[in-house]
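Novice: Quick one: structure below, then a few questions.
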Number of protein chains: 2
Amino acid sequence: MALIDPLAVEFTYIQIANHIEARIDVGEFKHKLPAERALAAEYGVAYQTLRRAMQVLRDRGRIITRQGRGTFVAPPART
Amino acid sequence: MALIDPLAVEFTYIQIANHIEARIDVGEFKHKLPAERALAAEYGVAYQTLRRAMQVLRDRGRIITRQGRGTFVAPPART
DNA sequence: GGCGATTTGTACGTATGTATT
DNA sequence: CAATACATACGTACAAATCGC
């Protein structure tokens, strides 16, 4: 599965952020997400690159991260 | 001048962000800031660490960064 | 309370790409 | 076209918080 294309228009960390967000939307991740380093390995990117993607999702309000605990799906924002 | 103390309570990139912000406030930087790599060398930290500090200042609304052009002091926010 | 395992956080140094001058 | 300057990406090491035993 050619998930990440380094030559794509979108940057790697944006592609990953979008992909993880889709996995949240589809219900694959309901509560706790895999460890950052596990996700980095899964996507075949550097840890710091995956951290960037996570930062994007935090900015989008989709995840909540706590040191030592993990990363969790954020409750849907009230509309 | 022991600018950055790796053993301080604040993280390196926060210390640097605060220090650069003070230099802006004091009028040392009025328009254009030195290049990121020059600042990294001046503070004796890695380029990516200085980039983090700059991100903090962008978040604080103190600077504006443009690829290929440089980093500039942001006009004061209206109150 | 201690200890180890797990997980996120910071920091480093480097390479390459992209935009501006 | 060359020099300058910001942007992304990699891989690594160590620190800090949390959890289970």
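Chain lettering (A, B, ...) mirrors the order of the structure tokens, residue numbering begins at 1 for each chain separately, and ligand numbering begins at 1 in order of display.
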Enumerate as a list in words the residues belonging to chain C that approach chain A to within 12 Å, with only C-alpha atoms (C1' of nucleotides) taken into account.
Specialist: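 Here is what falls inside 12 Å: DA5, DT6, DT7, DT8, DG9, DT10, DA11 and DG17 of chain C.
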Novice: With N, CA, C and O atoms (P, O5', C5', C4', C3', O3' and C1' of nucleotides) kept, could you save the residues just selected as a PDB file, in the first residue's frame?
Specialist:
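Generated file (out_34.pdb):
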ATOM      1  P    DA C   5      12.231  -3.602  31.382  1.00  0.00           P
ATOM      2  O5'  DA C   5      10.867  -3.124  30.708  1.00  0.00           O
ATOM      3  C5'  DA C   5       9.646  -3.762  31.072  1.00  0.00           C
ATOM      4  C4'  DA C   5       8.463  -2.996  30.513  1.00  0.00           C
ATOM      5  C3'  DA C   5       8.644  -2.558  29.051  1.00  0.00           C
ATOM      6  O3'  DA C   5       7.453  -2.852  28.341  1.00  0.00           O
ATOM      7  C1'  DA C   5       8.138  -0.679  30.407  1.00  0.00           C
ATOM      8  P    DT C   6       7.375  -2.552  26.766  1.00  0.00           P
ATOM      9  O5'  DT C   6       6.550  -1.186  26.688  1.00  0.00           O
ATOM     10  C5'  DT C   6       5.352  -1.079  27.430  1.00  0.00           C
ATOM     11  C4'  DT C   6       4.785   0.322  27.350  1.00  0.00           C
ATOM     12  C3'  DT C   6       4.832   0.969  25.955  1.00  0.00           C
ATOM     13  O3'  DT C   6       3.538   1.440  25.647  1.00  0.00           O
ATOM     14  C1'  DT C   6       5.685   2.454  27.586  1.00  0.00           C
ATOM     15  P    DT C   7       3.157   1.912  24.177  1.00  0.00           P
ATOM     16  O5'  DT C   7       3.289   3.502  24.309  1.00  0.00           O
ATOM     17  C5'  DT C   7       2.514   4.195  25.263  1.00  0.00           C
ATOM     18  C4'  DT C   7       2.885   5.661  25.275  1.00  0.00           C
ATOM     19  C3'  DT C   7       3.219   6.227  23.880  1.00  0.00           C
ATOM     20  O3'  DT C   7       2.390   7.328  23.594  1.00  0.00           O
ATOM     21  C1'  DT C   7       4.860   6.841  25.473  1.00  0.00           C
ATOM     22  P    DT C   8       2.502   8.138  22.217  1.00  0.00           P
ATOM     23  O5'  DT C   8       2.965   9.570  22.766  1.00  0.00           O
ATOM     24  C5'  DT C   8       2.176  10.216  23.747  1.00  0.00           C
ATOM     25  C4'  DT C   8       2.965  11.337  24.392  1.00  0.00           C
ATOM     26  C3'  DT C   8       3.380  12.469  23.445  1.00  0.00           C
ATOM     27  O3'  DT C   8       3.201  13.715  24.112  1.00  0.00           O
ATOM     28  C1'  DT C   8       5.273  11.620  24.524  1.00  0.00           C
ATOM     29  P    DG C   9       3.706  15.085  23.451  1.00  0.00           P
ATOM     30  O5'  DG C   9       5.163  15.245  24.031  1.00  0.00           O
ATOM     31  C5'  DG C   9       5.335  15.799  25.335  1.00  0.00           C
ATOM     32  C4'  DG C   9       6.712  16.450  25.442  1.00  0.00           C
ATOM     33  C3'  DG C   9       7.023  17.416  24.291  1.00  0.00           C
ATOM     34  O3'  DG C   9       7.528  18.636  24.809  1.00  0.00           O
ATOM     35  C1'  DG C   9       8.719  15.758  24.443  1.00  0.00           C
ATOM     36  P    DT C  10       7.988  19.789  23.887  1.00  0.00           P
ATOM     37  O5'  DT C  10       9.579  19.603  23.885  1.00  0.00           O
ATOM     38  C5'  DT C  10      10.260  19.592  25.119  1.00  0.00           C
ATOM     39  C4'  DT C  10      11.741  19.358  24.898  1.00  0.00           C
ATOM     40  C3'  DT C  10      12.416  20.337  23.927  1.00  0.00           C
ATOM     41  O3'  DT C  10      13.577  20.851  24.571  1.00  0.00           O
ATOM     42  C1'  DT C  10      12.932  18.107  23.347  1.00  0.00           C
ATOM     43  P    DA C  11      14.390  22.077  23.959  1.00  0.00           P
ATOM     44  O5'  DA C  11      15.521  21.351  23.110  1.00  0.00           O
ATOM     45  C5'  DA C  11      16.526  20.637  23.795  1.00  0.00           C
ATOM     46  C4'  DA C  11      17.456  20.001  22.782  1.00  0.00           C
ATOM     47  C3'  DA C  11      17.833  20.908  21.608  1.00  0.00           C
ATOM     48  O3'  DA C  11      19.210  21.262  21.732  1.00  0.00           O
ATOM     49  C1'  DA C  11      17.318  18.671  20.921  1.00  0.00           C
ATOM     50  P    DG C  17      16.495  17.426  -3.917  1.00  0.00           P
ATOM     51  O5'  DG C  17      15.300  18.423  -3.563  1.00  0.00           O
ATOM     52  C5'  DG C  17      14.174  17.927  -2.835  1.00  0.00           C
ATOM     53  C4'  DG C  17      13.247  19.084  -2.482  1.00  0.00           C
ATOM     54  C3'  DG C  17      12.917  20.009  -3.648  1.00  0.00           C
ATOM     55  O3'  DG C  17      11.521  20.288  -3.632  1.00  0.00           O
ATOM     56  C1'  DG C  17      13.777  21.280  -1.855  1.00  0.00           C
TER      57       DG C  17
END
Novice: Mind dumping a table of every chain B residue within 12 Å of chain A, with the nearest atom pair and its distance in Å to one decimal, using only C-alpha atoms, sorted by chain and rising number, as a Markdown table?
Specialist:
| residue | atom | partner | partner_atom | distance |
| --- | --- | --- | --- | --- |
| B:Gln48 | CA | A:Gln48 | CA | 10.9 |
| B:Arg52 | CA | A:Arg52 | CA | 11.7 |
| B:Asp59 | CA | A:Asp59 | CA | 11.8 |
Novice: Output the selection as a PDB file, in the first residue's frame - C-alpha atoms for each residue.
Specialist:
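Output saved as part-v2.pdb:
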ATOM      1  CA  GLN B  48      15.620  23.053  13.944  1.00  0.00           C
ATOM      2  CA  ARG B  52      10.842  25.937  16.998  1.00  0.00           C
ATOM      3  CA  ASP B  59       2.129  31.860  17.284  1.00  0.00           C
TER       4      ASP B  59
END
Novice: Can you work out the spacing between C1' of DC1 in chain D and C1' of DT20 in chain C in Å, to one decimal?
Specialist: 13.7 Å
Novice: Give the residues of chain D that lie within 10 Å of chain A; count only C-alpha atoms (C1' of nucleotides), and format the answer as a PyMOL selection string.
Specialist: chain D and resi 8-11+16-19
Novice: Give me a file of those residues, with N, CA, C and O atoms (P, O5', C5', C4', C3', O3' and C1' of nucleotides), as a CSV table (one decimal), in the first residue's frame.
Specialist:
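Final file, out.csv:
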chain,number,residue,atom,x,y,z
D,8,DT,P,6.9,23.5,5.9
D,8,DT,O5',7.7,22.2,5.5
D,8,DT,C5',7.7,21.8,4.1
D,8,DT,C4',8.5,20.6,3.9
D,8,DT,C3',8.2,19.4,4.8
D,8,DT,O3',8.0,18.2,4.0
D,8,DT,C1',10.5,19.8,4.8
D,9,DA,P,7.4,16.8,4.5
D,9,DA,O5',8.8,16.0,4.9
D,9,DA,C5',9.6,15.6,3.8
D,9,DA,C4',10.8,14.9,4.4
D,9,DA,C3',10.5,14.0,5.6
D,9,DA,O3',10.7,12.6,5.2
D,9,DA,C1',12.4,15.3,6.0
D,10,DC,P,10.5,11.4,6.1
D,10,DC,O5',12.0,11.2,6.6
D,10,DC,C5',13.0,11.1,5.6
D,10,DC,C4',14.4,11.0,6.3
D,10,DC,C3',14.4,10.0,7.4
D,10,DC,O3',15.2,8.9,7.1
D,10,DC,C1',15.5,12.1,8.0
D,11,DG,P,15.0,7.5,7.9
D,11,DG,O5',16.0,7.6,9.1
D,11,DG,C5',17.4,7.9,8.8
D,11,DG,C4',18.1,8.2,10.1
D,11,DG,C3',17.8,7.2,11.2
D,11,DG,O3',19.0,6.6,11.7
D,11,DG,C1',17.7,9.5,11.9
D,16,DA,P,14.5,15.8,32.6
D,16,DA,O5',13.0,15.4,32.2
D,16,DA,C5',12.2,16.2,31.4
D,16,DA,C4',10.8,15.7,31.3
D,16,DA,C3',10.2,15.4,32.7
D,16,DA,O3',8.8,15.8,32.7
D,16,DA,C1',10.1,13.5,31.3
D,17,DA,P,8.0,15.9,34.1
D,17,DA,O5',6.8,14.9,33.8
D,17,DA,C5',5.9,15.2,32.6
D,17,DA,C4',5.1,14.0,32.3
D,17,DA,C3',4.3,13.4,33.5
D,17,DA,O3',3.0,13.3,33.1
D,17,DA,C1',5.5,11.7,32.4
D,18,DT,P,1.8,13.0,34.2
D,18,DT,O5',1.5,11.5,33.9
D,18,DT,C5',1.3,11.0,32.6
D,18,DT,C4',1.3,9.5,32.5
D,18,DT,C3',0.5,8.8,33.7
D,18,DT,O3',-0.6,8.2,33.1
D,18,DT,C1',2.6,7.8,33.2
D,19,DC,P,-1.7,7.5,34.1
D,19,DC,O5',-1.2,5.9,34.0
D,19,DC,C5',-0.7,5.4,32.7
D,19,DC,C4',-0.3,4.0,32.8
D,19,DC,C3',-1.1,3.2,34.0
D,19,DC,O3',-1.4,1.9,33.5
D,19,DC,C1',1.3,3.1,34.3
Novice: Select from chain B everything DSSP, run on the backbone, classes as strand (DSSP E), then give the selection as a PyMOL selection string.
Specialist: chain B and resi 63-66+70-73
Novice: Between B:Ala38, B:Leu50, B:Val56, B:Ala74, which is the closest to DT4 in chain D once you count only C-alpha atoms (C1' of nucleotides)?
Specialist: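 Counting only C-alpha atoms (C1' of nucleotides), the residue closest to DT4 in chain D is B:Ala38.
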Novice: Would you list, as a list in words, the residues of range 23-77 of chain A that end up in helix (DSSP H, G or I) under DSSP run on this structure's backbone?
Specialist: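 Reading the DSSP output for range 23-77 of chain A, helix (DSSP H, G or I) covers Arg23, Ile24, Asp25, Glu36, Arg37, Ala38, Leu39, Ala40, Ala41, Glu42, Tyr43, Tyr47, Gln48, Thr49, Leu50, Arg51, Arg52, Ala53, Met54, Gln55, Val56, Leu57, Arg58 and Asp59 of chain A.
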Novice: Store the residues picked out above, limited to N, CA, C and O atoms, as a CSV table (one decimal), in the first residue's frame.
Specialist:
chain,number,residue,atom,x,y,z
A,23,ARG,N,-8.9,7.9,9.1
A,23,ARG,CA,-9.0,6.7,9.9
A,23,ARG,C,-9.8,7.0,11.2
A,23,ARG,O,-10.5,6.1,11.7
A,24,ILE,N,-9.7,8.2,11.7
A,24,ILE,CA,-10.6,8.6,12.8
A,24,ILE,C,-12.0,8.6,12.4
A,24,ILE,O,-12.9,8.1,13.0
A,25,ASP,N,-12.2,9.3,11.3
A,25,ASP,CA,-13.6,9.5,10.8
A,25,ASP,C,-14.3,8.2,10.5
A,25,ASP,O,-15.5,8.0,10.6
A,36,GLU,N,3.1,7.1,18.8
A,36,GLU,CA,3.6,7.9,17.7
A,36,GLU,C,4.7,7.1,16.9
A,36,GLU,O,4.7,7.1,15.7
A,37,ARG,N,5.6,6.4,17.7
A,37,ARG,CA,6.7,5.7,17.0
A,37,ARG,C,6.1,4.5,16.2
A,37,ARG,O,6.7,4.2,15.1
A,38,ALA,N,5.0,4.0,16.7
A,38,ALA,CA,4.4,2.8,15.9
A,38,ALA,C,3.8,3.4,14.6
A,38,ALA,O,4.0,2.8,13.6
A,39,LEU,N,3.2,4.5,14.7
A,39,LEU,CA,2.6,5.1,13.5
A,39,LEU,C,3.7,5.5,12.5
A,39,LEU,O,3.5,5.3,11.3
A,40,ALA,N,4.7,6.1,13.1
A,40,ALA,CA,5.8,6.5,12.2
A,40,ALA,C,6.4,5.3,11.4
A,40,ALA,O,6.6,5.3,10.2
A,41,ALA,N,6.5,4.2,12.1
A,41,ALA,CA,7.0,2.9,11.5
A,41,ALA,C,6.0,2.5,10.4
A,41,ALA,O,6.4,2.1,9.3
A,42,GLU,N,4.7,2.5,10.8
A,42,GLU,CA,3.7,2.1,9.9
A,42,GLU,C,3.7,2.9,8.6
A,42,GLU,O,3.5,2.3,7.5
A,43,TYR,N,3.8,4.2,8.7
A,43,TYR,CA,3.8,5.0,7.5
A,43,TYR,C,5.2,5.1,6.9
A,43,TYR,O,5.3,5.7,5.8
A,47,TYR,N,10.2,9.8,13.0
A,47,TYR,CA,9.4,10.1,14.1
A,47,TYR,C,9.0,11.6,14.1
A,47,TYR,O,7.8,12.0,14.4
A,48,GLN,N,9.9,12.4,13.8
A,48,GLN,CA,9.7,13.9,13.9
A,48,GLN,C,8.7,14.3,12.8
A,48,GLN,O,8.0,15.3,13.0
A,49,THR,N,8.7,13.6,11.7
A,49,THR,CA,7.7,13.9,10.6
A,49,THR,C,6.3,13.5,11.1
A,49,THR,O,5.4,14.2,10.9
A,50,LEU,N,6.2,12.4,11.7
A,50,LEU,CA,4.9,12.0,12.2
A,50,LEU,C,4.5,12.9,13.3
A,50,LEU,O,3.3,13.3,13.4
A,51,ARG,N,5.4,13.4,14.1
A,51,ARG,CA,5.0,14.4,15.2
A,51,ARG,C,4.4,15.7,14.5
A,51,ARG,O,3.5,16.3,15.0
A,52,ARG,N,5.0,16.0,13.4
A,52,ARG,CA,4.4,17.2,12.6
A,52,ARG,C,3.0,16.9,12.2
A,52,ARG,O,2.1,17.8,12.4
A,53,ALA,N,2.7,15.7,11.7
A,53,ALA,CA,1.4,15.4,11.3
A,53,ALA,C,0.4,15.4,12.5
A,53,ALA,O,-0.7,15.9,12.4
A,54,MET,N,0.9,14.9,13.7
A,54,MET,CA,0.1,15.0,14.9
A,54,MET,C,-0.2,16.4,15.3
A,54,MET,O,-1.3,16.7,15.8
A,55,GLN,N,0.8,17.3,15.1
A,55,GLN,CA,0.6,18.7,15.5
A,55,GLN,C,-0.5,19.3,14.6
A,55,GLN,O,-1.4,20.0,15.1
A,56,VAL,N,-0.6,18.9,13.4
A,56,VAL,CA,-1.6,19.3,12.5
A,56,VAL,C,-3.0,18.9,13.0
A,56,VAL,O,-3.9,19.7,13.1
A,57,LEU,N,-3.1,17.7,13.4
A,57,LEU,CA,-4.4,17.1,13.9
A,57,LEU,C,-4.7,17.8,15.2
A,57,LEU,O,-5.9,18.0,15.5
A,58,ARG,N,-3.7,18.1,16.0
A,58,ARG,CA,-4.0,18.8,17.3
A,58,ARG,C,-4.6,20.2,16.9
A,58,ARG,O,-5.6,20.7,17.5
A,59,ASP,N,-4.0,20.9,15.9
A,59,ASP,CA,-4.4,22.2,15.5
A,59,ASP,C,-5.9,22.1,15.0
A,59,ASP,O,-6.6,23.0,15.1
